[in-house]
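*Asks:* Mind having a look at this structure? Questions to follow.
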Amino acid sequence: MKFLATILDRDGTIIRHVPYLADPIQVELLDNACLGISALRKLTPIVVVCSNQSAIGRGYCSRDDVLSVNFRMNELLEKNSSYVDEIIFCPHAPEENCECRKPRPGMGVQVAKHFGIPTEQMVVIGDMESDVEFARSLGALSVIIRNDPGTMESSESKADIVATDLLDAAIKIEHL
């Protein structure tokens, strides 16, 4: 199957999960993140990050803090010859019940509209079951990463693919 876009979660998928990350100094790429993103770029022409950042809505950090963390992540990716096309985040707390907070489809629909592609031709990769539910809400292929002990859930996943990191995910998607 031909996919047109990959949507990646940020924390626990590209970078090490740090609860309510607001300090760019704490940004650390996960193993094979750059290699995985580069491999995914060969499979899909578009790679976008969609991330819940409820720390803003909860008052733990500012939008500028999240933008600084995203900027640092991009710096590290580019230093390793990798990049993402865009980063979208939901700043709302869960109780705000917005349409953009994963697992609701808002951010994915935004990506589809922006790039003019159907959501069914997307791959969603994340480390939580909410990412799998997000993929399902879009009709997209779901991939769960089980690489960060800080965020690994103990239950079995309903994802289409289970991978150890982004490179493993790219290899498994390529062999579909």
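Chains: A, B, ... in order of the structure tokens. Residues: from 1 per chain. Ligands: from 1, in order shown.
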Would you pick out the contacts of stretch 124-130 of chain A at 8 Å or less, using only C-alpha atoms, so that residues sharing its chain but fewer than 2 positions from it are not included, and give the list as a ChimeraX atom specification?

*Replies:* /A:6-10,12-13,102-103,122,132-135,140-147,151-153,157-159

*Asks:* Can you tell me, as a list in words, what residues are no more than 7 Å from stretch 66-80 of chain A when counting only C-alpha atoms, ignoring any on the same chain fewer than 6 positions away?

*Replies:* Ala22, Asp23, Pro24, Val27 and Cys34 of chain A

*Asks:* Go ahead and dump the residues you just picked, C-alpha atoms, as a PDB file, in the first residue's frame.

*Replies:*
```
ATOM      1  CA  ALA A  22       9.472  22.502  29.098  1.00  0.00           C
ATOM      2  CA  ASP A  23      13.285  22.755  29.122  1.00  0.00           C
ATOM      3  CA  PRO A  24      15.055  22.309  25.759  1.00  0.00           C
ATOM      4  CA  VAL A  27      15.598  17.018  24.890  1.00  0.00           C
ATOM      5  CA  CYS A  34      17.013   9.977  12.977  1.00  0.00           C
TER       6      CYS A  34
END
```

*Asks:* Between A:Asp65, A:Ile173, A:Asp11, A:Ile161, which residue has the minimum interatomic distance to A:Ile25, considering only C-alpha atoms?

*Replies:*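 Going through A:Asp65, A:Ile173, A:Asp11, A:Ile161 one by one, the smallest distance to A:Ile25 is for A:Asp65.
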
*Asks:* Looking only at the backbone, which of the residues in stretch 7-145 of chain A does DSSP tag as alpha helix (DSSP H), as number ranges by chain?

*Replies:* A: 33-43, 54-57, 63-79, 106-115, 129-138

*Asks:* Could you dump the residues just selected with N, CA and C atoms as a short mmCIF file (atom, residue, chain, number, x, y, z; two decimals), in the first residue's frame?

*Replies:*
```
data_model
loop_
_atom_site.label_atom_id
_atom_site.label_comp_id
_atom_site.auth_asym_id
_atom_site.auth_seq_id
_atom_site.Cartn_x
_atom_site.Cartn_y
_atom_site.Cartn_z
N ALA A 33 16.04 7.29 16.14
CA ALA A 33 15.04 8.28 15.74
C ALA A 33 15.39 8.90 14.39
N CYS A 34 16.62 9.33 14.24
CA CYS A 34 17.01 9.98 12.98
C CYS A 34 17.02 8.99 11.82
N LEU A 35 17.59 7.81 12.05
CA LEU A 35 17.60 6.80 11.00
C LEU A 35 16.17 6.40 10.63
N GLY A 36 15.32 6.29 11.63
CA GLY A 36 13.93 5.93 11.38
C GLY A 36 13.19 6.98 10.59
N ILE A 37 13.36 8.24 10.96
CA ILE A 37 12.69 9.33 10.24
C ILE A 37 13.20 9.38 8.80
N SER A 38 14.50 9.21 8.61
CA SER A 38 15.06 9.20 7.25
C SER A 38 14.47 8.05 6.43
N ALA A 39 14.34 6.88 7.05
CA ALA A 39 13.75 5.72 6.36
C ALA A 39 12.27 5.97 6.06
N LEU A 40 11.55 6.59 6.99
CA LEU A 40 10.13 6.90 6.77
C LEU A 40 9.97 7.91 5.64
N ARG A 41 10.90 8.84 5.50
CA ARG A 41 10.84 9.85 4.44
C ARG A 41 10.91 9.17 3.07
N LYS A 42 11.58 8.02 2.99
CA LYS A 42 11.66 7.28 1.72
C LYS A 42 10.34 6.57 1.41
N LEU A 43 9.54 6.32 2.44
CA LEU A 43 8.26 5.63 2.27
C LEU A 43 7.09 6.58 2.07
N SER A 54 -0.47 19.06 26.91
CA SER A 54 -1.41 19.57 27.92
C SER A 54 -0.74 20.37 29.01
N ALA A 55 0.59 20.33 29.09
CA ALA A 55 1.30 21.14 30.09
C ALA A 55 0.94 22.62 29.94
N ILE A 56 0.66 23.05 28.72
CA ILE A 56 0.27 24.44 28.49
C ILE A 56 -1.09 24.70 29.13
N GLY A 57 -2.06 23.88 28.80
CA GLY A 57 -3.42 24.05 29.34
C GLY A 57 -3.49 23.87 30.85
N ARG A 63 3.38 28.26 25.87
CA ARG A 63 3.48 27.88 24.47
C ARG A 63 4.93 28.07 23.98
N ASP A 64 5.57 29.16 24.42
CA ASP A 64 6.97 29.40 24.04
C ASP A 64 7.90 28.30 24.54
N ASP A 65 7.63 27.77 25.74
CA ASP A 65 8.43 26.65 26.25
C ASP A 65 8.34 25.45 25.31
N VAL A 66 7.13 25.12 24.90
CA VAL A 66 6.93 23.98 23.99
C VAL A 66 7.60 24.26 22.65
N LEU A 67 7.47 25.47 22.15
CA LEU A 67 8.13 25.83 20.89
C LEU A 67 9.65 25.71 21.01
N SER A 68 10.20 26.07 22.17
CA SER A 68 11.65 25.93 22.40
C SER A 68 12.08 24.47 22.40
N VAL A 69 11.27 23.62 23.01
CA VAL A 69 11.56 22.18 23.01
C VAL A 69 11.50 21.64 21.57
N ASN A 70 10.47 22.04 20.83
CA ASN A 70 10.35 21.60 19.44
C ASN A 70 11.53 22.08 18.60
N PHE A 71 11.95 23.32 18.82
CA PHE A 71 13.09 23.87 18.10
C PHE A 71 14.35 23.06 18.39
N ARG A 72 14.56 22.71 19.65
CA ARG A 72 15.74 21.92 20.03
C ARG A 72 15.68 20.53 19.40
N MET A 73 14.50 19.91 19.39
CA MET A 73 14.36 18.61 18.75
C MET A 73 14.73 18.72 17.27
N ASN A 74 14.23 19.76 16.60
CA ASN A 74 14.56 19.96 15.18
C ASN A 74 16.06 20.16 14.98
N GLU A 75 16.69 20.91 15.87
CA GLU A 75 18.14 21.09 15.78
C GLU A 75 18.87 19.75 15.82
N LEU A 76 18.48 18.91 16.78
CA LEU A 76 19.13 17.62 16.92
C LEU A 76 18.87 16.72 15.71
N LEU A 77 17.65 16.76 15.20
CA LEU A 77 17.34 15.98 14.00
C LEU A 77 18.19 16.45 12.82
N GLU A 78 18.23 17.76 12.60
CA GLU A 78 18.98 18.31 11.47
C GLU A 78 20.48 18.04 11.60
N LYS A 79 20.98 18.06 12.81
CA LYS A 79 22.39 17.76 13.06
C LYS A 79 22.72 16.34 12.61
N GLY A 106 -8.68 15.72 15.21
CA GLY A 106 -8.45 17.10 14.77
C GLY A 106 -7.10 17.40 14.14
N MET A 107 -6.01 17.01 14.79
CA MET A 107 -4.68 17.31 14.24
C MET A 107 -4.45 16.55 12.93
N GLY A 108 -4.92 15.32 12.85
CA GLY A 108 -4.76 14.53 11.62
C GLY A 108 -5.56 15.12 10.47
N VAL A 109 -6.75 15.58 10.76
CA VAL A 109 -7.58 16.23 9.74
C VAL A 109 -6.89 17.52 9.27
N GLN A 110 -6.28 18.23 10.21
CA GLN A 110 -5.54 19.45 9.85
C GLN A 110 -4.39 19.11 8.89
N VAL A 111 -3.66 18.05 9.16
CA VAL A 111 -2.56 17.62 8.28
C VAL A 111 -3.12 17.26 6.90
N ALA A 112 -4.21 16.50 6.88
CA ALA A 112 -4.81 16.09 5.61
C ALA A 112 -5.22 17.30 4.77
N LYS A 113 -5.86 18.27 5.40
CA LYS A 113 -6.29 19.48 4.68
C LYS A 113 -5.10 20.29 4.19
N HIS A 114 -4.11 20.46 5.06
CA HIS A 114 -2.94 21.28 4.73
C HIS A 114 -2.18 20.70 3.53
N PHE A 115 -2.02 19.38 3.51
CA PHE A 115 -1.24 18.75 2.45
C PHE A 115 -2.11 18.17 1.33
N GLU A 129 -1.52 4.02 23.54
CA GLU A 129 -2.74 3.54 22.90
C GLU A 129 -3.58 4.69 22.37
N SER A 130 -3.44 5.89 22.96
CA SER A 130 -4.18 7.04 22.41
C SER A 130 -3.71 7.37 20.99
N ASP A 131 -2.44 7.08 20.67
CA ASP A 131 -1.95 7.26 19.31
C ASP A 131 -2.59 6.24 18.37
N VAL A 132 -2.77 5.01 18.87
CA VAL A 132 -3.43 3.97 18.09
C VAL A 132 -4.89 4.37 17.84
N GLU A 133 -5.56 4.85 18.87
CA GLU A 133 -6.96 5.31 18.73
C GLU A 133 -7.04 6.49 17.77
N PHE A 134 -6.07 7.38 17.82
CA PHE A 134 -5.98 8.52 16.91
C PHE A 134 -5.90 8.01 15.46
N ALA A 135 -5.03 7.05 15.22
CA ALA A 135 -4.91 6.47 13.88
C ALA A 135 -6.23 5.87 13.43
N ARG A 136 -6.87 5.14 14.31
CA ARG A 136 -8.16 4.51 13.98
C ARG A 136 -9.22 5.58 13.65
N SER A 137 -9.21 6.69 14.39
CA SER A 137 -10.19 7.75 14.13
C SER A 137 -10.00 8.38 12.75
N LEU A 138 -8.79 8.23 12.19
CA LEU A 138 -8.48 8.77 10.87
C LEU A 138 -8.61 7.72 9.77
#
```

*Asks:* What does the structure give for the distance between atom CA of A:Ala5 and atom CA of A:Asp168, in Å to one decimal?

*Replies:*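 Between atom CA of A:Ala5 and atom CA of A:Asp168 the gap works out to 17.3 Å.
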
*Asks:* Suppose you want the space between atom CA of A:Val84 and atom CA of A:Tyr60; what is it in Å?

*Replies:*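 So the two atoms, atom CA of A:Val84 and atom CA of A:Tyr60, lie 26.1 Å apart.
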
*Asks:* Taking only C-alpha atoms into account, name the residue in A:Glu99, A:Tyr20, A:Asp85, A:Asn32 that is nearest to A:Ala169.

*Replies:*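 Ranked by minimum distance to A:Ala169, first place goes to A:Asn32.
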
*Asks:* Quick one, how far is atom CA of A:Cys61 from atom CA of A:Ser82?

*Replies:*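 Computing the Euclidean distance for atom CA of A:Cys61 and atom CA of A:Ser82 yields 27.4 Å.
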